Amino acid sequence: MEYRELGRTGYRVSVVSFGAWAIGSAWGPVDDQSSMAALHRALDLGINFFDTADVYGNGHSEQLLARLAQERSESFYVATKAGRGLNPHTAAGYNQGNLTAFVEQSLRNLHTEALDLLQLHCPPSAVYASDEVFGILDDLVADGKIRFYGVSVETVDEALQALQHANVQTVQIIFNMFRLKPAEQLFAAAKERQVGIIARVPLASGLLTGKMQRNTQFADNDHRKFNRFGEAFDRGETFSGVDYDTGLTAVAALREYTPANASMAQFALRWITMFPEVSCTIPGARNREQVEDNVAAADLASLDTSTMDAIQTIYNQYIRSQVHHLW
């Protein structure tokens with residue numbers, strides 16, 4: 001496993017880490033026994049960074065990570081998020097009372113005295129311009145409730161605005177073979193400010209595994225069914241905002257470039273780690289086998305220039321017109 005610096009936190013995190021949305025909710029049925037096996041296997045294989053949120057299963061994902069800490073002696077980092085529990089989800093809701101309450105609940109869920117990393121959870125765009133909100137986060141650091149903070153964003157523009165706040169340590173953003181805009185417009189600025197990049201939705205909600213077909217069915221409680229057109233939250237969170245059939249066509253083109261010793265999912269993860277500005281990527285996993293497949297991507301040889309160029313060409317041909325101007 002390769003480890004990289006996470007902003008200015010001093011944390012060195014596994015380049016392939018663990019996204020814990022799927023073990024909490026919104027990806028079909030949840031099996032805690034399988035989820036715990038996945039978490040344990042992640043530690044076995046060198047993963048030391050886990051990304052979760054207070055709304056993933058209404059705290060359930062955080063509670064599973066607390067259980068992992070109790071069952072294992074190894075130390076690891078947990079990044080959680082706050083804000084999406086607001087109803088209505090408005091910029092005004094990101095106030096001292098609400099943010100403090102969210103942090104306190106996450107501390108209870110995680111059975112810890114301080115959060116390793118708190119991220120604002122895709123707040124309304126107006127929040128990024130609010131010095132008051134980031135001042136509240138500074139106060140929470142001063143109070144010892146959080147060690148560091150960052151943001152999880154929907155758009156590159158939001159990320160660039162967040163970088164203007166001096167103590168933002170990380171930006172979590174959708175970055176995958178279907179979302180190339182961050183590499184073009186964000187990474188250089190983040191590097192200049194020593195801000196870590198956490199690449200989320202690395203497999204485009206599973207499209208980039210190459211396992212889906214036009215007749216693939218999803219459970220009613222799977223966001224790939226109930227949020228395909230943005231009915232529940234930002235459409236970009238589901239299949240990276242790409243039309244499903246178009247995505248399948250692009251996947252067929254990408255498949256030709258998959259290394260002989262790798263699955264398509266591993267190919268997609270290795271592509272992300274080719275960008276040195278990325279601190280880590282956080283594919284989800286609901287069982288041991290998925291963790292093992294994800295981690296194997298870290299050991300693949302570097303992709304050559306012709307392969308990287310081909311991916312750019314496929315993006316330009318099939319994907320760019322659908323997503324580049326939106327996120």
# chains A, B, ... in the order shown; residues from 1 in each chain; ligands from 1
>>> residues_around(residues="A:Asp157", least_positions_apart="5", cutoff="9 Å", atoms="only C-alpha atoms", output="ChimeraX atom specification")
/A:162,185-186,327
>>> write_last_selection(atoms="N, CA and C atoms", output="PDB file, in the first residue's frame")
ATOM      1  N   ALA A 162     -13.791  27.274  -1.470  1.00  0.00           N
ATOM      2  CA  ALA A 162     -13.400  26.748  -0.160  1.00  0.00           C
ATOM      3  C   ALA A 162     -11.912  26.937   0.089  1.00  0.00           C
ATOM      4  N   GLN A 185      -8.961  21.966 -13.464  1.00  0.00           N
ATOM      5  CA  GLN A 185      -9.229  23.298 -12.918  1.00  0.00           C
ATOM      6  C   GLN A 185      -9.038  23.429 -11.404  1.00  0.00           C
ATOM      7  N   LEU A 186      -8.788  22.336 -10.694  1.00  0.00           N
ATOM      8  CA  LEU A 186      -8.693  22.408  -9.241  1.00  0.00           C
ATOM      9  C   LEU A 186      -7.339  21.972  -8.695  1.00  0.00           C
ATOM     10  N   TRP A 327     -20.587  20.462 -13.213  1.00  0.00           N
ATOM     11  CA  TRP A 327     -19.910  20.207 -11.934  1.00  0.00           C
ATOM     12  C   TRP A 327     -18.449  20.638 -11.929  1.00  0.00           C
TER      13      TRP A 327
END
>>> closest_atom_pairs(of="stretch 189-277 of chain A", to="stretch 297-303 of chain A", cutoff="9 Å", atoms="only C-alpha atoms", output="CSV")
residue,atom,partner,partner_atom,distance
A:Pro259,CA,A:Leu303,CA,8.6
A:Asn261,CA,A:Leu300,CA,8.4
A:Ala262,CA,A:Leu300,CA,7.7
A:Ser263,CA,A:Ala297,CA,8.7
A:Ala265,CA,A:Ala297,CA,8.1
A:Gln266,CA,A:Ala297,CA,4.6
A:Phe267,CA,A:Ala297,CA,6.9
A:Ala268,CA,A:Ala297,CA,8.4
A:Leu269,CA,A:Ala297,CA,6.1
A:Arg270,CA,A:Ala297,CA,5.5
A:Trp271,CA,A:Leu303,CA,7.1
A:Thr273,CA,A:Ala298,CA,7.9
A:Met274,CA,A:Ser302,CA,7.0
>>> closest_atom_pairs(of="stretch 283-320 of chain A", to="stretch 173-184 of chain A", cutoff="10 Å", atoms="only C-alpha atoms", output="tab-separated table")
residue	atom	partner	partner_atom	distance
A:Ile311	CA	A:Met177	CA	7.1
A:Gln312	CA	A:Leu180	CA	8.1
A:Ile314	CA	A:Met177	CA	9.0
A:Tyr315	CA	A:Phe178	CA	6.4
A:Asn316	CA	A:Leu180	CA	9.5
A:Tyr318	CA	A:Phe178	CA	9.1
A:Ile319	CA	A:Phe178	CA	6.3
A:Arg320	CA	A:Phe178	CA	7.9
>>> write_last_selection(atoms="N, CA and C atoms", output="PDB file, in the first residue's frame")
ATOM      1  N   ILE A 311      -8.022   7.566 -22.393  1.00  0.00           N
ATOM      2  CA  ILE A 311      -9.109   7.843 -21.445  1.00  0.00           C
ATOM      3  C   ILE A 311      -9.611   9.265 -21.633  1.00  0.00           C
ATOM      4  N   GLN A 312      -8.704  10.197 -21.829  1.00  0.00           N
ATOM      5  CA  GLN A 312      -9.098  11.582 -22.083  1.00  0.00           C
ATOM      6  C   GLN A 312      -9.938  11.674 -23.356  1.00  0.00           C
ATOM      7  N   ILE A 314     -11.803   9.328 -24.767  1.00  0.00           N
ATOM      8  CA  ILE A 314     -13.125   8.726 -24.542  1.00  0.00           C
ATOM      9  C   ILE A 314     -14.013   9.677 -23.736  1.00  0.00           C
ATOM     10  N   TYR A 315     -13.426  10.326 -22.743  1.00  0.00           N
ATOM     11  CA  TYR A 315     -14.175  11.318 -21.975  1.00  0.00           C
ATOM     12  C   TYR A 315     -14.671  12.437 -22.890  1.00  0.00           C
ATOM     13  N   ASN A 316     -13.785  12.946 -23.709  1.00  0.00           N
ATOM     14  CA  ASN A 316     -14.167  14.038 -24.603  1.00  0.00           C
ATOM     15  C   ASN A 316     -15.273  13.617 -25.567  1.00  0.00           C
ATOM     16  N   TYR A 318     -17.602  11.009 -25.273  1.00  0.00           N
ATOM     17  CA  TYR A 318     -18.888  10.535 -24.752  1.00  0.00           C
ATOM     18  C   TYR A 318     -19.420  11.321 -23.542  1.00  0.00           C
ATOM     19  N   ILE A 319     -18.548  11.840 -22.731  1.00  0.00           N
ATOM     20  CA  ILE A 319     -18.959  12.296 -21.405  1.00  0.00           C
ATOM     21  C   ILE A 319     -18.933  13.811 -21.223  1.00  0.00           C
ATOM     22  N   ARG A 320     -17.936  14.461 -21.757  1.00  0.00           N
ATOM     23  CA  ARG A 320     -17.696  15.878 -21.462  1.00  0.00           C
ATOM     24  C   ARG A 320     -18.949  16.735 -21.627  1.00  0.00           C
TER      25      ARG A 320
END
>>> closest_atom_pairs(of="stretch 146-246 of chain A", to="stretch 8-26 of chain A", cutoff="9 Å", atoms="only C-alpha atoms", output="tab-separated table")
residue	atom	partner	partner_atom	distance
A:Arg147	CA	A:Thr9	CA	8.5
A:Phe148	CA	A:Thr9	CA	6.9
A:Gln169	CA	A:Arg8	CA	6.2
A:Thr170	CA	A:Arg8	CA	8.7
A:Gln194	CA	A:Arg8	CA	6.3
A:Val195	CA	A:Arg8	CA	6.8
A:Gly196	CA	A:Arg8	CA	7.7
A:Arg200	CA	A:Gly19	CA	7.9
A:Val201	CA	A:Gly19	CA	8.8
A:Asn221	CA	A:Ala26	CA	5.6
A:Asp222	CA	A:Ala26	CA	4.8
A:His223	CA	A:Ala26	CA	5.5
A:Arg224	CA	A:Ala26	CA	8.6
>>> write_last_selection(atoms="C-alpha atoms", output="PDB file, in the first residue's frame")
ATOM      1  CA  ARG A 147      -8.667  18.121  14.929  1.00  0.00           C
ATOM      2  CA  PHE A 148      -8.967  19.342  11.333  1.00  0.00           C
ATOM      3  CA  GLN A 169      -7.215  21.045   4.960  1.00  0.00           C
ATOM      4  CA  THR A 170      -9.046  18.832   2.476  1.00  0.00           C
ATOM      5  CA  GLN A 194      -1.199  22.186   0.367  1.00  0.00           C
ATOM      6  CA  VAL A 195      -4.801  21.033   0.521  1.00  0.00           C
ATOM      7  CA  GLY A 196      -5.444  17.310   0.275  1.00  0.00           C
ATOM      8  CA  ARG A 200     -14.995  10.224  -4.041  1.00  0.00           C
ATOM      9  CA  VAL A 201     -17.413   8.255  -6.244  1.00  0.00           C
ATOM     10  CA  ASN A 221     -33.637   1.778  -1.431  1.00  0.00           C
ATOM     11  CA  ASP A 222     -30.612   2.047  -3.744  1.00  0.00           C
ATOM     12  CA  HIS A 223     -29.914   5.611  -4.886  1.00  0.00           C
ATOM     13  CA  ARG A 224     -29.039   4.249  -8.316  1.00  0.00           C
TER      14      ARG A 224
END
>>> select_by_dssp(residues="stretch 77-250 of chain A", states="strand (DSSP E or B)", output="VMD selection string")
chain A and resid 77 to 82 115 117 to 121 146 149 to 152 168 to 174 176 179 196 to 200 222
>>> write_last_selection(atoms="N, CA and C atoms", output="JSON list (two decimals), in the first residue's frame")
[["chain", "number", "residue", "atom", "x", "y", "z"],
["A", 77, "TYR", "N", -7.58, 6.57, 10.85],
["A", 77, "TYR", "CA", -8.23, 7.87, 10.80],
["A", 77, "TYR", "C", -9.67, 7.71, 10.31],
["A", 78, "VAL", "N", -10.55, 8.49, 10.91],
["A", 78, "VAL", "CA", -11.95, 8.53, 10.46],
["A", 78, "VAL", "C", -12.29, 9.96, 10.09],
["A", 79, "ALA", "N", -12.73, 10.15, 8.86],
["A", 79, "ALA", "CA", -13.26, 11.43, 8.42],
["A", 79, "ALA", "C", -14.77, 11.31, 8.36],
["A", 80, "THR", "N", -15.46, 12.22, 9.00],
["A", 80, "THR", "CA", -16.91, 12.21, 8.92],
["A", 80, "THR", "C", -17.40, 13.54, 8.37],
["A", 81, "LYS", "N", -18.70, 13.66, 8.19],
["A", 81, "LYS", "CA", -19.27, 14.85, 7.57],
["A", 81, "LYS", "C", -20.48, 15.31, 8.36],
["A", 82, "ALA", "N", -20.81, 16.59, 8.19],
["A", 82, "ALA", "CA", -21.94, 17.16, 8.90],
["A", 82, "ALA", "C", -22.67, 18.16, 8.02],
["A", 115, "LEU", "N", -12.86, 14.46, 16.63],
["A", 115, "LEU", "CA", -12.96, 13.93, 15.28],
["A", 115, "LEU", "C", -11.66, 14.20, 14.53],
["A", 117, "LEU", "N", -11.16, 14.34, 11.30],
["A", 117, "LEU", "CA", -11.42, 15.27, 10.20],
["A", 117, "LEU", "C", -12.92, 15.42, 10.06],
["A", 118, "LEU", "N", -13.40, 16.65, 10.14],
["A", 118, "LEU", "CA", -14.81, 16.95, 9.89],
["A", 118, "LEU", "C", -14.92, 17.66, 8.55],
["A", 119, "GLN", "N", -15.87, 17.21, 7.74],
["A", 119, "GLN", "CA", -16.08, 17.84, 6.44],
["A", 119, "GLN", "C", -17.51, 18.37, 6.35],
["A", 120, "LEU", "N", -17.66, 19.60, 5.89],
["A", 120, "LEU", "CA", -18.99, 20.08, 5.56],
["A", 120, "LEU", "C", -19.52, 19.22, 4.41],
["A", 121, "HIS", "N", -20.75, 18.76, 4.54],
["A", 121, "HIS", "CA", -21.27, 17.72, 3.66],
["A", 121, "HIS", "C", -22.08, 18.31, 2.51],
["A", 146, "ILE", "N", -12.81, 18.83, 17.19],
["A", 146, "ILE", "CA", -12.32, 18.33, 15.90],
["A", 146, "ILE", "C", -10.85, 18.71, 15.77],
["A", 149, "TYR", "N", -10.45, 20.24, 9.65],
["A", 149, "TYR", "CA", -11.69, 20.26, 8.88],
["A", 149, "TYR", "C", -11.42, 20.49, 7.40],
["A", 150, "GLY", "N", -12.41, 20.07, 6.61],
["A", 150, "GLY", "CA", -12.37, 20.26, 5.17],
["A", 150, "GLY", "C", -13.78, 20.36, 4.65],
["A", 151, "VAL", "N", -13.91, 20.17, 3.35],
["A", 151, "VAL", "CA", -15.22, 20.27, 2.71],
["A", 151, "VAL", "C", -15.42, 19.12, 1.75],
["A", 152, "SER", "N", -16.66, 18.72, 1.60],
["A", 152, "SER", "CA", -17.06, 17.82, 0.54],
["A", 152, "SER", "C", -17.95, 18.63, -0.39],
["A", 168, "VAL", "N", -8.87, 25.31, 5.76],
["A", 168, "VAL", "CA", -9.41, 24.14, 5.06],
["A", 168, "VAL", "C", -8.25, 23.23, 4.70],
["A", 169, "GLN", "N", -8.32, 22.00, 5.16],
["A", 169, "GLN", "CA", -7.22, 21.04, 4.96],
["A", 169, "GLN", "C", -7.45, 20.10, 3.80],
["A", 170, "THR", "N", -8.72, 19.84, 3.49],
["A", 170, "THR", "CA", -9.05, 18.83, 2.48],
["A", 170, "THR", "C", -10.25, 19.27, 1.66],
["A", 171, "VAL", "N", -10.27, 18.81, 0.43],
["A", 171, "VAL", "CA", -11.44, 18.93, -0.45],
["A", 171, "VAL", "C", -11.78, 17.53, -0.93],
["A", 172, "GLN", "N", -13.00, 17.13, -0.65],
["A", 172, "GLN", "CA", -13.49, 15.86, -1.18],
["A", 172, "GLN", "C", -14.39, 16.16, -2.37],
["A", 173, "ILE", "N", -14.08, 15.56, -3.51],
["A", 173, "ILE", "CA", -14.79, 15.88, -4.74],
["A", 173, "ILE", "C", -14.91, 14.64, -5.60],
["A", 174, "ILE", "N", -15.97, 14.57, -6.40],
["A", 174, "ILE", "CA", -16.12, 13.46, -7.34],
["A", 174, "ILE", "C", -15.04, 13.57, -8.41],
["A", 176, "ASN", "N", -13.26, 10.84, -11.24],
["A", 176, "ASN", "CA", -13.13, 9.52, -11.83],
["A", 176, "ASN", "C", -13.00, 9.67, -13.34],
["A", 179, "ARG", "N", -15.29, 12.17, -14.69],
["A", 179, "ARG", "CA", -15.25, 13.52, -14.11],
["A", 179, "ARG", "C", -13.81, 14.04, -14.13],
["A", 196, "GLY", "N", -5.30, 18.68, 0.74],
["A", 196, "GLY", "CA", -5.44, 17.31, 0.27],
["A", 196, "GLY", "C", -6.70, 17.12, -0.56],
["A", 197, "ILE", "N", -6.61, 16.25, -1.54],
["A", 197, "ILE", "CA", -7.75, 15.90, -2.38],
["A", 197, "ILE", "C", -8.19, 14.48, -2.05],
["A", 198, "ILE", "N", -9.46, 14.33, -1.68],
["A", 198, "ILE", "CA", -10.07, 13.02, -1.45],
["A", 198, "ILE", "C", -11.01, 12.77, -2.62],
["A", 199, "ALA", "N", -10.69, 11.76, -3.42],
["A", 199, "ALA", "CA", -11.47, 11.47, -4.63],
["A", 199, "ALA", "C", -12.61, 10.53, -4.28],
["A", 200, "ARG", "N", -13.84, 11.06, -4.37],
["A", 200, "ARG", "CA", -14.99, 10.22, -4.04],
["A", 200, "ARG", "C", -15.73, 9.79, -5.30],
["A", 222, "ASP", "N", -31.92, 1.80, -3.14],
["A", 222, "ASP", "CA", -30.61, 2.05, -3.74],
["A", 222, "ASP", "C", -30.71, 3.36, -4.53]]
>>> residues_around(residues="A:Thr216", least_positions_apart="2", cutoff="12 Å", atoms="only C-alpha atoms", output="number ranges by chain")
A: 206-207, 210-214, 218-219, 224-225, 244-245, 248
>>> atom_distance(atom1="atom CA of A:Arg4", atom2="atom CA of A:Pro202")
17.4 Å
>>> closest_residue(among="A:Arg288, A:Glu113, A:Gly93, A:Asp44", to="A:Met1", atoms="only C-alpha atoms")
A:Asp44
>>> select_by_dssp(residues="stretch 137-300 of chain A", states="helix (DSSP H, G or I)", output="VMD selection string")
chain A and resid 137 to 142 156 to 162 181 to 185 187 to 192 204 to 209 223 to 226 235 to 237 239 to 241 244 to 255 264 to 273 288 to 299
>>> atom_distance(atom1="atom CA of A:Glu158", atom2="atom CA of A:Pro123")
9.6 Å
>>> closest_residue(among="A:Val153, A:Ala253, A:Val127, A:Ala42", to="A:Gly284", atoms="only C-alpha atoms")
A:Ala42
>>> closest_residue(among="A:Ala114, A:Ala190, A:Ala92, A:Met264", to="A:Ala296", atoms="only C-alpha atoms")
A:Met264
>>> atom_distance(atom1="atom CA of A:Met36", atom2="atom CA of A:Asn287")
8.0 Å
>>> closest_residue(among="A:Ala142, A:Glu74, A:Gly59, A:Phe134", to="A:Arg108", atoms="only C-alpha atoms")
A:Gly59
>>> residues_around(residues="A:Asp32", least_positions_apart="2", cutoff="12 Å", atoms="only C-alpha atoms", output="PyMOL selection string")
chain A and resi 22-25+29-30+34-39+57+60-61+63-65+67-68+286-287
